[in-house]
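Student: Just so it is clear, I am handing over structure_24.csv, which has CSV, C-alpha atoms.
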chain,number,residue,atom,x,y,z
A,266,MET,CA,-1.6,-18.5,43.5
A,267,THR,CA,-5.0,-18.0,41.9
A,268,VAL,CA,-5.1,-19.0,38.3
A,269,THR,CA,-7.3,-16.8,36.2
A,270,GLU,CA,-6.2,-17.9,32.8
A,271,ILE,CA,-4.6,-21.1,31.5
A,272,THR,CA,-1.4,-20.5,29.6
A,273,GLU,CA,1.0,-22.9,27.8
A,274,ASN,CA,3.9,-22.4,30.1
A,275,MET,CA,2.1,-23.2,33.3
A,276,VAL,CA,3.1,-26.4,35.2
A,277,PHE,CA,0.6,-28.3,37.3
A,278,ARG,CA,0.6,-31.3,39.5
A,279,LEU,CA,-2.3,-33.4,40.9
A,280,SER,CA,-3.8,-31.9,44.0
A,281,SER,CA,-3.1,-33.7,47.3
A,282,GLN,CA,-6.6,-32.5,48.5
A,283,ARG,CA,-8.7,-34.5,46.0
A,284,SER,CA,-8.3,-37.6,44.0
A,285,PRO,CA,-9.4,-37.9,40.3
A,286,GLN,CA,-11.4,-41.0,41.3
A,287,GLN,CA,-13.8,-38.7,43.3
A,288,VAL,CA,-14.8,-36.9,40.1
A,289,LYS,CA,-16.5,-38.0,36.9
A,290,LEU,CA,-13.9,-37.2,34.2
A,291,LEU,CA,-14.2,-37.4,30.4
A,292,HIS,CA,-11.7,-39.5,28.4
A,293,LEU,CA,-9.5,-36.6,27.4
A,294,GLU,CA,-9.5,-35.2,31.0
A,295,TRP,CA,-8.2,-38.6,32.2
A,296,ALA,CA,-5.5,-38.5,29.5
A,297,VAL,CA,-4.4,-35.1,30.8
A,298,VAL,CA,-4.4,-36.3,34.4
A,299,THR,CA,-2.1,-39.2,33.5
A,300,GLN,CA,0.4,-36.7,32.0
A,301,LEU,CA,0.6,-34.4,35.1
A,302,ASP,CA,3.9,-34.9,36.7
A,303,GLY,CA,4.7,-31.4,38.1
A,304,GLU,CA,7.4,-31.0,35.3
A,305,LYS,CA,5.6,-30.9,31.9
A,306,THR,CA,4.1,-27.6,30.9
A,307,VAL,CA,0.5,-27.3,29.8
A,308,GLY,CA,1.8,-26.7,26.3
A,309,GLU,CA,3.9,-29.9,26.3
A,310,ILE,CA,1.0,-32.0,27.6
A,311,SER,CA,-1.3,-30.5,25.0
A,312,ASP,CA,1.3,-31.3,22.3
A,313,ILE,CA,1.7,-34.9,23.5
A,314,LEU,CA,-2.1,-35.5,23.4
A,315,ALA,CA,-2.6,-33.5,20.2
A,316,LEU,CA,-5.1,-31.1,21.8
A,317,SER,CA,-6.3,-27.9,20.2
A,318,LYS,CA,-5.8,-24.7,22.2
A,319,THR,CA,-9.5,-24.6,23.0
A,320,GLU,CA,-9.6,-28.2,24.2
A,321,MET,CA,-6.4,-27.6,26.3
A,322,LYS,CA,-7.9,-24.5,28.0
A,323,ASP,CA,-11.3,-26.2,28.6
A,324,ILE,CA,-9.8,-29.3,30.1
A,325,PHE,CA,-7.4,-27.6,32.4
A,326,LYS,CA,-10.1,-25.1,33.5
A,327,ASN,CA,-12.5,-28.0,34.3
A,328,LEU,CA,-9.8,-29.9,36.2
A,329,LEU,CA,-9.0,-26.7,38.1
A,330,LYS,CA,-12.7,-26.1,38.9
A,331,GLU,CA,-12.9,-29.7,40.2
A,332,GLY,CA,-10.0,-28.9,42.5
A,333,LEU,CA,-7.7,-31.6,41.0
A,334,LEU,CA,-4.8,-29.3,40.1
A,335,GLU,CA,-2.1,-27.4,42.0
A,336,LEU,CA,-0.1,-24.8,40.1
A,337,VAL,CA,3.7,-25.6,40.4
A,338,SER,CA,5.2,-22.8,38.4
A,339,VAL,CA,4.8,-20.2,35.7
A,340,SER,CA,7.5,-18.1,34.4
A,341,PRO,CA,6.4,-14.5,33.9
A,342,ASP,CA,9.8,-13.4,32.4
A,343,ASN,CA,9.4,-15.8,29.6
A,344,LEU,CA,5.7,-15.2,29.2
A,345,TYR,CA,5.3,-11.5,28.6
A,346,LEU,CA,6.6,-9.2,25.9
A,347,GLN,CA,8.8,-6.3,26.8
A,348,PRO,CA,6.5,-3.2,26.6
A,349,GLY,CA,9.1,-1.5,24.5
A,350,LEU,CA,8.0,-3.6,21.6
A,351,PHE,CA,4.7,-1.8,21.5
A,352,VAL,CA,6.7,1.4,20.7
A,353,GLU,CA,8.0,-0.3,17.6
A,354,ILE,CA,4.5,-1.6,16.6
A,355,GLU,CA,3.0,1.9,17.2
A,356,TYR,CA,5.8,3.5,15.1
A,357,GLU,CA,5.2,1.2,12.1
A,358,LEU,CA,1.5,1.6,12.3
A,359,THR,CA,1.6,5.4,12.7
A,360,THR,CA,3.8,5.6,9.6
A,361,LEU,CA,1.0,4.0,7.6
A,362,MET,CA,-2.2,5.2,9.4
A,363,GLY,CA,-1.2,8.4,11.2
A,364,PRO,CA,-2.0,9.3,14.8
A,365,VAL,CA,-5.1,7.0,14.9
A,366,ALA,CA,-2.6,4.1,15.3
A,367,SER,CA,-2.2,4.5,19.1
A,368,VAL,CA,-6.0,4.5,19.5
A,369,LEU,CA,-6.3,1.4,17.3
A,370,ILE,CA,-3.7,-0.5,19.3
A,371,GLU,CA,-5.6,0.3,22.6
A,372,GLU,CA,-8.9,-0.8,21.0
A,373,VAL,CA,-7.4,-4.1,19.8
A,374,LEU,CA,-5.7,-4.7,23.2
A,375,GLN,CA,-9.1,-4.1,24.9
A,376,SER,CA,-10.8,-6.5,22.5
A,377,MET,CA,-8.2,-9.1,23.4
A,378,ARG,CA,-8.6,-8.3,27.1
A,379,LYS,CA,-4.9,-7.6,27.4
A,380,SER,CA,-2.6,-4.7,28.2
A,381,ARG,CA,0.8,-3.5,27.0
A,382,ASP,CA,2.6,-4.4,30.2
A,383,GLN,CA,1.1,-7.8,30.5
A,384,PHE,CA,0.9,-9.1,27.0
A,385,GLU,CA,1.8,-12.8,26.4
A,386,LYS,CA,4.4,-13.5,23.7
A,387,ASN,CA,2.3,-16.3,22.2
A,388,ALA,CA,-0.5,-13.8,21.4
A,389,LEU,CA,1.8,-11.5,19.4
A,390,ALA,CA,1.0,-12.9,16.0
A,391,SER,CA,-2.7,-12.6,16.7
A,392,LEU,CA,-2.2,-8.9,17.7
A,393,ILE,CA,-0.5,-8.2,14.4
A,394,ASP,CA,-3.2,-10.1,12.5
A,395,LEU,CA,-5.9,-8.0,14.2
A,396,LEU,CA,-4.1,-4.7,13.7
A,397,SER,CA,-3.6,-5.6,10.0
A,398,SER,CA,-7.2,-6.3,9.5
A,399,HIS,CA,-8.0,-2.7,10.5
A,400,ILE,CA,-5.8,-1.4,7.6
A,401,ASN,CA,-8.2,-1.0,4.7
A,402,ASP,CA,-5.6,-0.9,1.9
A,403,ALA,CA,-4.4,-4.5,1.2
A,404,GLU,CA,-0.9,-3.2,0.0
A,405,LYS,CA,-0.5,-1.2,3.2
A,406,GLN,CA,-1.5,-4.3,5.2
A,407,ILE,CA,1.4,-6.3,3.7
A,408,GLU,CA,3.7,-3.3,4.1
A,409,PHE,CA,2.9,-3.1,7.8
A,410,GLN,CA,3.6,-6.8,8.2
A,411,ARG,CA,6.8,-6.7,6.2
A,412,ASN,CA,8.1,-3.8,8.3
A,413,ILE,CA,7.2,-5.2,11.7
A,414,TYR,CA,8.1,-8.8,11.0
A,415,PRO,CA,11.9,-8.5,11.5
A,416,LYS,CA,11.3,-7.0,14.9
A,417,ILE,CA,8.9,-9.7,16.1
A,418,LYS,CA,10.5,-12.6,14.3
A,419,PRO,CA,12.5,-13.7,17.4
A,420,TYR,CA,9.2,-14.2,19.3
A,421,ILE,CA,7.6,-16.3,16.5
A,422,VAL,CA,10.5,-18.4,15.1
A,423,LYS,CA,13.0,-20.3,17.1
A,424,LEU,CA,16.4,-18.9,16.4
B,284,MET,CA,11.3,-21.3,-3.2
B,285,ILE,CA,10.7,-22.5,0.3
B,286,LYS,CA,14.4,-22.2,1.2
B,287,ASP,CA,14.6,-18.7,-0.2
B,288,TYR,CA,11.3,-17.1,0.8
B,289,LEU,CA,9.5,-19.3,3.3
B,290,HIS,CA,12.4,-20.7,5.3
B,291,ASP,CA,11.1,-19.2,8.6
B,292,LEU,CA,8.1,-21.6,8.4
B,293,THR,CA,10.5,-24.5,8.8
B,294,SER,CA,11.8,-22.9,12.0
B,295,VAL,CA,8.4,-22.6,13.7
B,296,GLU,CA,8.2,-25.2,16.5
B,297,GLY,CA,5.5,-27.7,15.5
B,298,VAL,CA,5.6,-27.1,11.7
B,299,GLU,CA,6.2,-30.5,10.2
B,300,GLY,CA,5.7,-30.1,6.4
B,301,VAL,CA,5.5,-27.3,3.8
B,302,VAL,CA,4.6,-28.0,0.2
B,303,ILE,CA,4.1,-25.7,-2.8
B,304,ILE,CA,2.0,-27.5,-5.4
B,305,ARG,CA,0.9,-26.6,-8.9
B,306,LYS,CA,-2.7,-26.6,-9.9
B,307,ASP,CA,-2.3,-29.9,-11.7
B,308,ASN,CA,-1.3,-31.3,-8.3
B,309,THR,CA,2.4,-31.8,-9.0
B,310,VAL,CA,4.9,-30.7,-6.4
B,311,LEU,CA,6.9,-27.5,-7.1
B,312,ASP,CA,8.9,-27.5,-3.9
B,313,SER,CA,8.6,-29.1,-0.4
B,314,TRP,CA,10.2,-29.4,3.0
B,315,SER,CA,9.5,-31.8,5.8
B,316,ALA,CA,10.7,-32.6,9.2
B,317,PRO,CA,12.3,-36.0,9.8
B,318,ASN,CA,9.8,-38.9,10.0
B,319,PHE,CA,7.0,-36.9,8.4
B,320,ASN,CA,5.1,-38.9,5.8
B,321,THR,CA,5.5,-36.9,2.6
B,322,ASN,CA,2.9,-39.1,0.8
B,323,LEU,CA,0.4,-36.9,2.6
B,324,PHE,CA,1.4,-33.9,0.4
B,325,GLU,CA,-0.3,-34.8,-2.8
B,326,ASP,CA,-3.2,-36.7,-1.2
B,327,VAL,CA,-4.2,-33.8,1.0
B,328,SER,CA,-3.5,-31.1,-1.7
B,329,LEU,CA,-6.0,-32.8,-4.0
B,330,HIS,CA,-8.7,-32.2,-1.5
B,331,PHE,CA,-7.7,-28.6,-1.1
B,332,HIS,CA,-7.7,-28.1,-4.9
B,333,GLN,CA,-11.3,-29.4,-4.9
B,334,ILE,CA,-12.3,-27.2,-1.9
B,335,PHE,CA,-10.8,-24.0,-3.5
B,336,GLU,CA,-12.3,-24.9,-6.9
B,337,LEU,CA,-15.7,-25.2,-5.3
B,338,PHE,CA,-15.2,-21.8,-3.7
B,339,ASP,CA,-14.3,-20.4,-7.1
B,340,ARG,CA,-17.3,-21.9,-8.8
B,341,ASP,CA,-19.5,-20.1,-6.2
B,342,ASP,CA,-17.5,-16.9,-6.6
B,343,LEU,CA,-16.4,-17.0,-3.0
B,344,GLU,CA,-13.1,-15.2,-2.6
B,345,TYR,CA,-11.5,-17.5,-0.1
B,346,GLN,CA,-7.7,-17.5,-0.3
B,347,GLU,CA,-7.0,-19.6,2.8
B,348,ASN,CA,-8.4,-22.5,4.7
B,349,VAL,CA,-7.5,-24.5,7.8
B,350,VAL,CA,-8.5,-28.1,8.3
B,351,SER,CA,-7.7,-30.3,11.3
B,352,TYR,CA,-6.5,-33.9,10.9
B,353,GLU,CA,-5.6,-36.6,13.4
B,354,LYS,CA,-2.0,-35.3,14.0
B,355,GLY,CA,-2.6,-31.6,13.7
B,356,GLN,CA,-3.8,-29.0,11.3
B,357,VAL,CA,-3.2,-28.1,7.7
B,358,TYR,CA,-3.1,-24.4,6.7
B,359,ALA,CA,-3.7,-23.9,2.9
B,360,ARG,CA,-3.2,-20.7,0.9
B,361,ASN,CA,-4.6,-20.6,-2.6
B,362,LEU,CA,-2.8,-18.5,-5.2
B,363,PRO,CA,-3.3,-18.2,-9.0
B,364,GLN,CA,-0.2,-20.2,-9.8
B,365,PHE,CA,0.0,-22.7,-6.9
B,366,LEU,CA,-1.3,-23.9,-3.6
B,367,LEU,CA,0.8,-23.6,-0.4
B,368,LEU,CA,0.1,-26.2,2.3
B,369,ILE,CA,1.6,-26.1,5.8
B,370,PHE,CA,1.2,-29.2,8.1
B,371,ALA,CA,1.5,-28.2,11.7
B,372,ARG,CA,0.8,-29.5,15.2
B,373,PHE,CA,-2.3,-28.2,17.0
B,374,LYS,CA,-0.2,-25.9,19.2
B,375,VAL,CA,1.0,-23.8,16.2
B,376,ASP,CA,-0.7,-20.4,16.0
B,377,ILE,CA,-2.3,-20.0,12.6
B,378,SER,CA,-1.9,-16.2,12.9
B,379,ALA,CA,1.9,-16.7,13.1
B,380,LEU,CA,1.8,-18.9,9.9
B,381,ARG,CA,-0.4,-16.4,8.1
B,382,LEU,CA,2.1,-13.6,9.0
B,383,ILE,CA,5.2,-15.5,7.8
B,384,VAL,CA,3.4,-16.6,4.6
B,385,ASN,CA,2.2,-13.0,3.9
B,386,VAL,CA,5.7,-11.6,4.3
B,387,GLY,CA,7.4,-14.5,2.4
B,388,LEU,CA,5.0,-14.5,-0.5
B,389,ALA,CA,5.3,-10.7,-0.8
B,390,GLU,CA,9.1,-11.1,-1.2
B,391,LEU,CA,8.6,-14.0,-3.6
B,392,PHE,CA,6.3,-12.0,-5.9
B,393,ASP,CA,8.7,-9.0,-5.8
B,394,SER,CA,11.6,-11.1,-7.0
B,395,LYS,CA,12.2,-10.7,-10.7
B,396,LYS,CA,13.7,-14.2,-10.9
B,397,MET,CA,10.5,-15.6,-9.4
B,398,GLN,CA,8.3,-13.5,-11.6
B,399,LYS,CA,10.0,-15.0,-14.6
B,400,MET,CA,9.6,-18.5,-13.2
B,401,LEU,CA,5.9,-18.0,-12.2
B,402,LYS,CA,5.1,-16.8,-15.7
B,403,LYS,CA,5.8,-20.3,-17.0
B,404,ILE,CA,3.3,-21.8,-14.6
B,405,PRO,CA,-0.3,-22.0,-16.0
B,406,ILE,CA,-2.6,-20.1,-13.7
B,407,GLY,CA,-6.1,-21.0,-12.5
B,408,ASN,CA,-8.0,-24.0,-13.8
B,409,HIS,CA,-7.3,-26.7,-11.2
B,410,SER,CA,-8.5,-29.4,-13.6
B,411,VAL,CA,-9.2,-31.7,-10.7
B,412,LEU,CA,-12.9,-31.3,-10.7
B,413,LYS,CA,-13.4,-32.3,-14.3
B,414,ARG,CA,-16.6,-34.3,-14.7
B,415,GLU,CA,-14.7,-37.4,-15.8
B,416,PHE,CA,-12.9,-37.5,-12.4
B,417,LEU,CA,-16.1,-37.3,-10.3
B,418,ASP,CA,-18.0,-40.3,-9.0
B,419,ASP,CA,-21.8,-40.4,-8.9
B,420,VAL,CA,-22.1,-39.0,-5.4
B,421,GLU,CA,-19.8,-36.0,-6.3
B,422,GLN,CA,-21.7,-35.3,-9.5
B,423,GLY,CA,-25.0,-35.4,-7.5
B,424,TYR,CA,-23.5,-33.0,-4.9
B,425,LEU,CA,-22.5,-30.5,-7.6
B,426,ALA,CA,-25.9,-30.7,-9.2
B,427,LYS,CA,-27.5,-29.9,-5.8
B,428,ILE,CA,-25.2,-26.9,-5.3
B,429,SER,CA,-26.1,-25.6,-8.8
B,430,GLU,CA,-29.8,-26.0,-8.0
B,431,LEU,CA,-29.4,-24.2,-4.7
B,432,LYS,CA,-27.6,-21.3,-6.4
B,433,LYS,CA,-30.7,-20.6,-8.4
B,434,PHE,CA,-32.6,-19.5,-5.3
Could you render the structure from this file as structure tokens?

Tutor:
Amino acid sequence: MTVTEITENMVFRLSSQRSPQQVKLLHLEWAVVTQLDGEKTVGEISDILALSKTEMKDIFKNLLKEGLLELVSVSPDNLYLQPGLFVEIEYELTTLMGPVASVLIEEVLQSMRKSRDQFEKNALASLIDLLSSHINDAEKQIEFQRNIYPKIKPYIVKL
Amino acid sequence: MIKDYLHDLTSVEGVEGVVIIRKDNTVLDSWSAPNFNTNLFEDVSLHFHQIFELFDRDDLEYQENVVSYEKGQVYARNLPQFLLLIFARFKVDISALRLIVNVGLAELFDSKKMQKMLKKIPIGNHSVLKREFLDDVEQGYLAKISELKKF
């Protein structure tokens, strides 16, 4: 499986084709290598090592580039939102902004380089943040967030 | 306050501490995960009071700030009556915290009970950057900022 983007629920193990000793690694990259056991997710390793999201992505990308990683698994069912949720988001946004809402959603999705049918759950709050920032009236911004929050809460808060 | 209006913050995986703190740096309400060092609350909040006061002095309308520390990140929201701080691991999405805070605070400010309570809290004036509390370096830094503002 070709990996185009590093996500938190990916699981990697060390490649049998190349040893870390053959590559010049940075301190944090070594720390990640020592955590790779084919069971821990990228998110769990990142949490253990207190890595920021940018650090996590950069390190895993580099290790992949060096041919040190093999993807063990990734769970698409848990990763992506049900496209039906976009109907709810569009409905709430249309109530406040009118028909321009659907165009705005497409524009924001394009700027995030994502689509409705392959949208990661962990990017949902960022989507709402970006959509809110396009509502000029501060009161309407909060109204949109208050209306949509109960519907997206299960994806943000552990229940 | 946290239990009634910002409870969802305490259920976000990776959030370790939430504190609402008055402008005189005394705690109004707090929540923390087990083993979290709550001494951090007032130490860290003092720095954020200073940061936001500097923003105010320069008429910069910043209401929020995020700063990294060795175990994670601190999200701060500045309001006229109080400062809200959230201590979270790096993996926590700041957009998610901002959304929960926006929704929770909107409900808090809509509540008549809270409106009455908030009226009793003095607004503004952080009182933590008073000249008598500043050392020579800080005084010099402020003097430089004032000089720069003239240009």

Student: For range 351-357 of chain A, work out the shell of residues within 7 Å, counting all atoms listed in the file and skipping chain neighbours fewer than 2 positions away, then give it as a list of chain:residue names.

Tutor: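 Neighbouring residues, sequence-local ones excluded: A:Pro348, A:Gly349, A:Thr359, A:Thr360, A:Leu361, A:Ala366, A:Ser367, A:Arg381, A:Phe409, A:Asn412, A:Ile413.
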
Student: Please identify every residue of chain B that has at least one atom no farther than 12 Å from an atom of chain A, counting only C-alpha atoms, and for each give the shortest atom pair and the distance in Å to one decimal, arranged by chain then increasing number, as JSON lines.

Tutor:
{"residue": "B:Leu289", "atom": "CA", "partner": "A:Val422", "partner_atom": "CA", "distance": 11.9}
{"residue": "B:His290", "atom": "CA", "partner": "A:Val422", "partner_atom": "CA", "distance": 10.2}
{"residue": "B:Asp291", "atom": "CA", "partner": "A:Val422", "partner_atom": "CA", "distance": 6.6}
{"residue": "B:Leu292", "atom": "CA", "partner": "A:Val422", "partner_atom": "CA", "distance": 7.8}
{"residue": "B:Thr293", "atom": "CA", "partner": "A:Val422", "partner_atom": "CA", "distance": 8.8}
{"residue": "B:Ser294", "atom": "CA", "partner": "A:Val422", "partner_atom": "CA", "distance": 5.6}
{"residue": "B:Val295", "atom": "CA", "partner": "A:Val422", "partner_atom": "CA", "distance": 4.9}
{"residue": "B:Glu296", "atom": "CA", "partner": "A:Lys423", "partner_atom": "CA", "distance": 6.9}
{"residue": "B:Gly297", "atom": "CA", "partner": "A:Asp312", "partner_atom": "CA", "distance": 8.8}
{"residue": "B:Val298", "atom": "CA", "partner": "A:Val422", "partner_atom": "CA", "distance": 10.5}
{"residue": "B:Ser351", "atom": "CA", "partner": "A:Ser317", "partner_atom": "CA", "distance": 9.3}
{"residue": "B:Tyr352", "atom": "CA", "partner": "A:Ala315", "partner_atom": "CA", "distance": 10.1}
{"residue": "B:Glu353", "atom": "CA", "partner": "A:Ala315", "partner_atom": "CA", "distance": 8.1}
{"residue": "B:Lys354", "atom": "CA", "partner": "A:Ala315", "partner_atom": "CA", "distance": 6.5}
{"residue": "B:Gly355", "atom": "CA", "partner": "A:Ala315", "partner_atom": "CA", "distance": 6.8}
{"residue": "B:Gln356", "atom": "CA", "partner": "A:Ser317", "partner_atom": "CA", "distance": 9.3}
{"residue": "B:Ala371", "atom": "CA", "partner": "A:Ala315", "partner_atom": "CA", "distance": 10.8}
{"residue": "B:Arg372", "atom": "CA", "partner": "A:Ala315", "partner_atom": "CA", "distance": 7.2}
{"residue": "B:Phe373", "atom": "CA", "partner": "A:Ser317", "partner_atom": "CA", "distance": 5.1}
{"residue": "B:Lys374", "atom": "CA", "partner": "A:Asp312", "partner_atom": "CA", "distance": 6.4}
{"residue": "B:Val375", "atom": "CA", "partner": "A:Lys318", "partner_atom": "CA", "distance": 9.1}
{"residue": "B:Asp376", "atom": "CA", "partner": "A:Ala390", "partner_atom": "CA", "distance": 7.7}
{"residue": "B:Ile377", "atom": "CA", "partner": "A:Ser391", "partner_atom": "CA", "distance": 8.5}
{"residue": "B:Ser378", "atom": "CA", "partner": "A:Ser391", "partner_atom": "CA", "distance": 5.3}
{"residue": "B:Ala379", "atom": "CA", "partner": "A:Ala390", "partner_atom": "CA", "distance": 4.9}
{"residue": "B:Leu380", "atom": "CA", "partner": "A:Ala390", "partner_atom": "CA", "distance": 8.6}
{"residue": "B:Arg381", "atom": "CA", "partner": "A:Asp394", "partner_atom": "CA", "distance": 8.2}
{"residue": "B:Leu382", "atom": "CA", "partner": "A:Gln410", "partner_atom": "CA", "distance": 7.0}
{"residue": "B:Ile383", "atom": "CA", "partner": "A:Tyr414", "partner_atom": "CA", "distance": 8.0}
{"residue": "B:Val384", "atom": "CA", "partner": "A:Gln410", "partner_atom": "CA", "distance": 10.4}
{"residue": "B:Asn385", "atom": "CA", "partner": "A:Ile407", "partner_atom": "CA", "distance": 6.8}
{"residue": "B:Val386", "atom": "CA", "partner": "A:Arg411", "partner_atom": "CA", "distance": 5.4}
{"residue": "B:Gly387", "atom": "CA", "partner": "A:Arg411", "partner_atom": "CA", "distance": 8.7}
{"residue": "B:Leu388", "atom": "CA", "partner": "A:Ile407", "partner_atom": "CA", "distance": 9.9}
{"residue": "B:Ala389", "atom": "CA", "partner": "A:Ile407", "partner_atom": "CA", "distance": 7.4}
{"residue": "B:Glu390", "atom": "CA", "partner": "A:Arg411", "partner_atom": "CA", "distance": 8.9}

Student: In Å to one decimal, how far is CA of Leu417 in chain B from CA of Phe331 in chain B?

Tutor: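 Value for the CA of Phe331 in chain B-CA of Leu417 in chain B distance: 15.2 Å.
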
Student: For a quick check of your reading of the model, name the residues lying within 8 Å of the coordinate (2.0, -29.3, 36.4), counting all atoms listed in the file, and write them as JSON, numbers by chain.

Tutor: {"A": [275, 276, 277, 278, 279, 301, 302, 303, 304, 305, 306, 307, 334, 335, 336, 337, 338]}

Student: Nearest residue to Leu311 in chain B out of B:Glu430, B:Asp418, B:Asp339, B:Glu325, using only C-alpha atoms?

Tutor: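 Between B:Glu430, B:Asp418, B:Asp339, B:Glu325, the residue approaching Leu311 in chain B most closely is B:Glu325.
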
Student: Interatomic distance between CA of Leu290 in chain A and CA of Val339 in chain A?

Tutor: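 Rounded to one decimal, the two atoms are 25.3 Å apart.
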
Student: Using only C-alpha atoms, determine which residues lie at most 10 Å from Gln347 in chain A, disregarding the query and same-chain residues fewer than 2 positions distant; provide the list as a list in words.

Tutor: Asp342, Asn343, Leu344, Tyr345, Gly349, Leu350, Phe351, Arg381, Asp382, Gln383, Phe384, Glu385 and Lys386 of chain A

Student: Would you save the residues from that selection as a CSV table (one decimal), keeping the file's coordinate frame, using C-alpha atoms?

Tutor:
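Result file out38.csv:
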chain,number,residue,atom,x,y,z
A,342,ASP,CA,9.8,-13.4,32.4
A,343,ASN,CA,9.4,-15.8,29.6
A,344,LEU,CA,5.7,-15.2,29.2
A,345,TYR,CA,5.3,-11.5,28.6
A,349,GLY,CA,9.1,-1.5,24.5
A,350,LEU,CA,8.0,-3.6,21.6
A,351,PHE,CA,4.7,-1.8,21.5
A,381,ARG,CA,0.8,-3.5,27.0
A,382,ASP,CA,2.6,-4.4,30.2
A,383,GLN,CA,1.1,-7.8,30.5
A,384,PHE,CA,0.9,-9.1,27.0
A,385,GLU,CA,1.8,-12.8,26.4
A,386,LYS,CA,4.4,-13.5,23.7

Student: Go ahead and compute the interatomic distance for CA of Ser429 in chain B and CA of Phe338 in chain B, in Å to one decimal.

Tutor: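 Computing it gives 12.6 Å between the two atoms.
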
Student: Using all atoms listed in the file, which residues sit within 8 Å of Ile285 in chain B once same-chain residues fewer than 6 positions away are excluded, as JSON, numbers by chain?

Tutor: {"B": [301, 303, 312, 313, 314]}

Student: For Asn348 in chain B, list every protein, DNA or RNA residue within 8 Å, evaluated using all atoms listed in the file, and leave out those in the same chain fewer than 5 positions away; present the list as number ranges by chain.

Tutor: B: 358-360

Student: Give me the residues near Thr309 in chain B as a ChimeraX atom specification, where near means some atom within 10 Å (using only C-alpha atoms) and where sequence neighbours in that chain fewer than 4 positions away do not count.

Tutor: /B:303-305,324-325,328-329,365

Student: With all atoms listed in the file as the basis for distance, which of A:Leu329, A:Ile310, A:Gln287, A:Val297 is at the shortest distance from Asn274 in chain A?

Tutor: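 Answer, going by the shortest atom-to-atom distance: A:Ile310.
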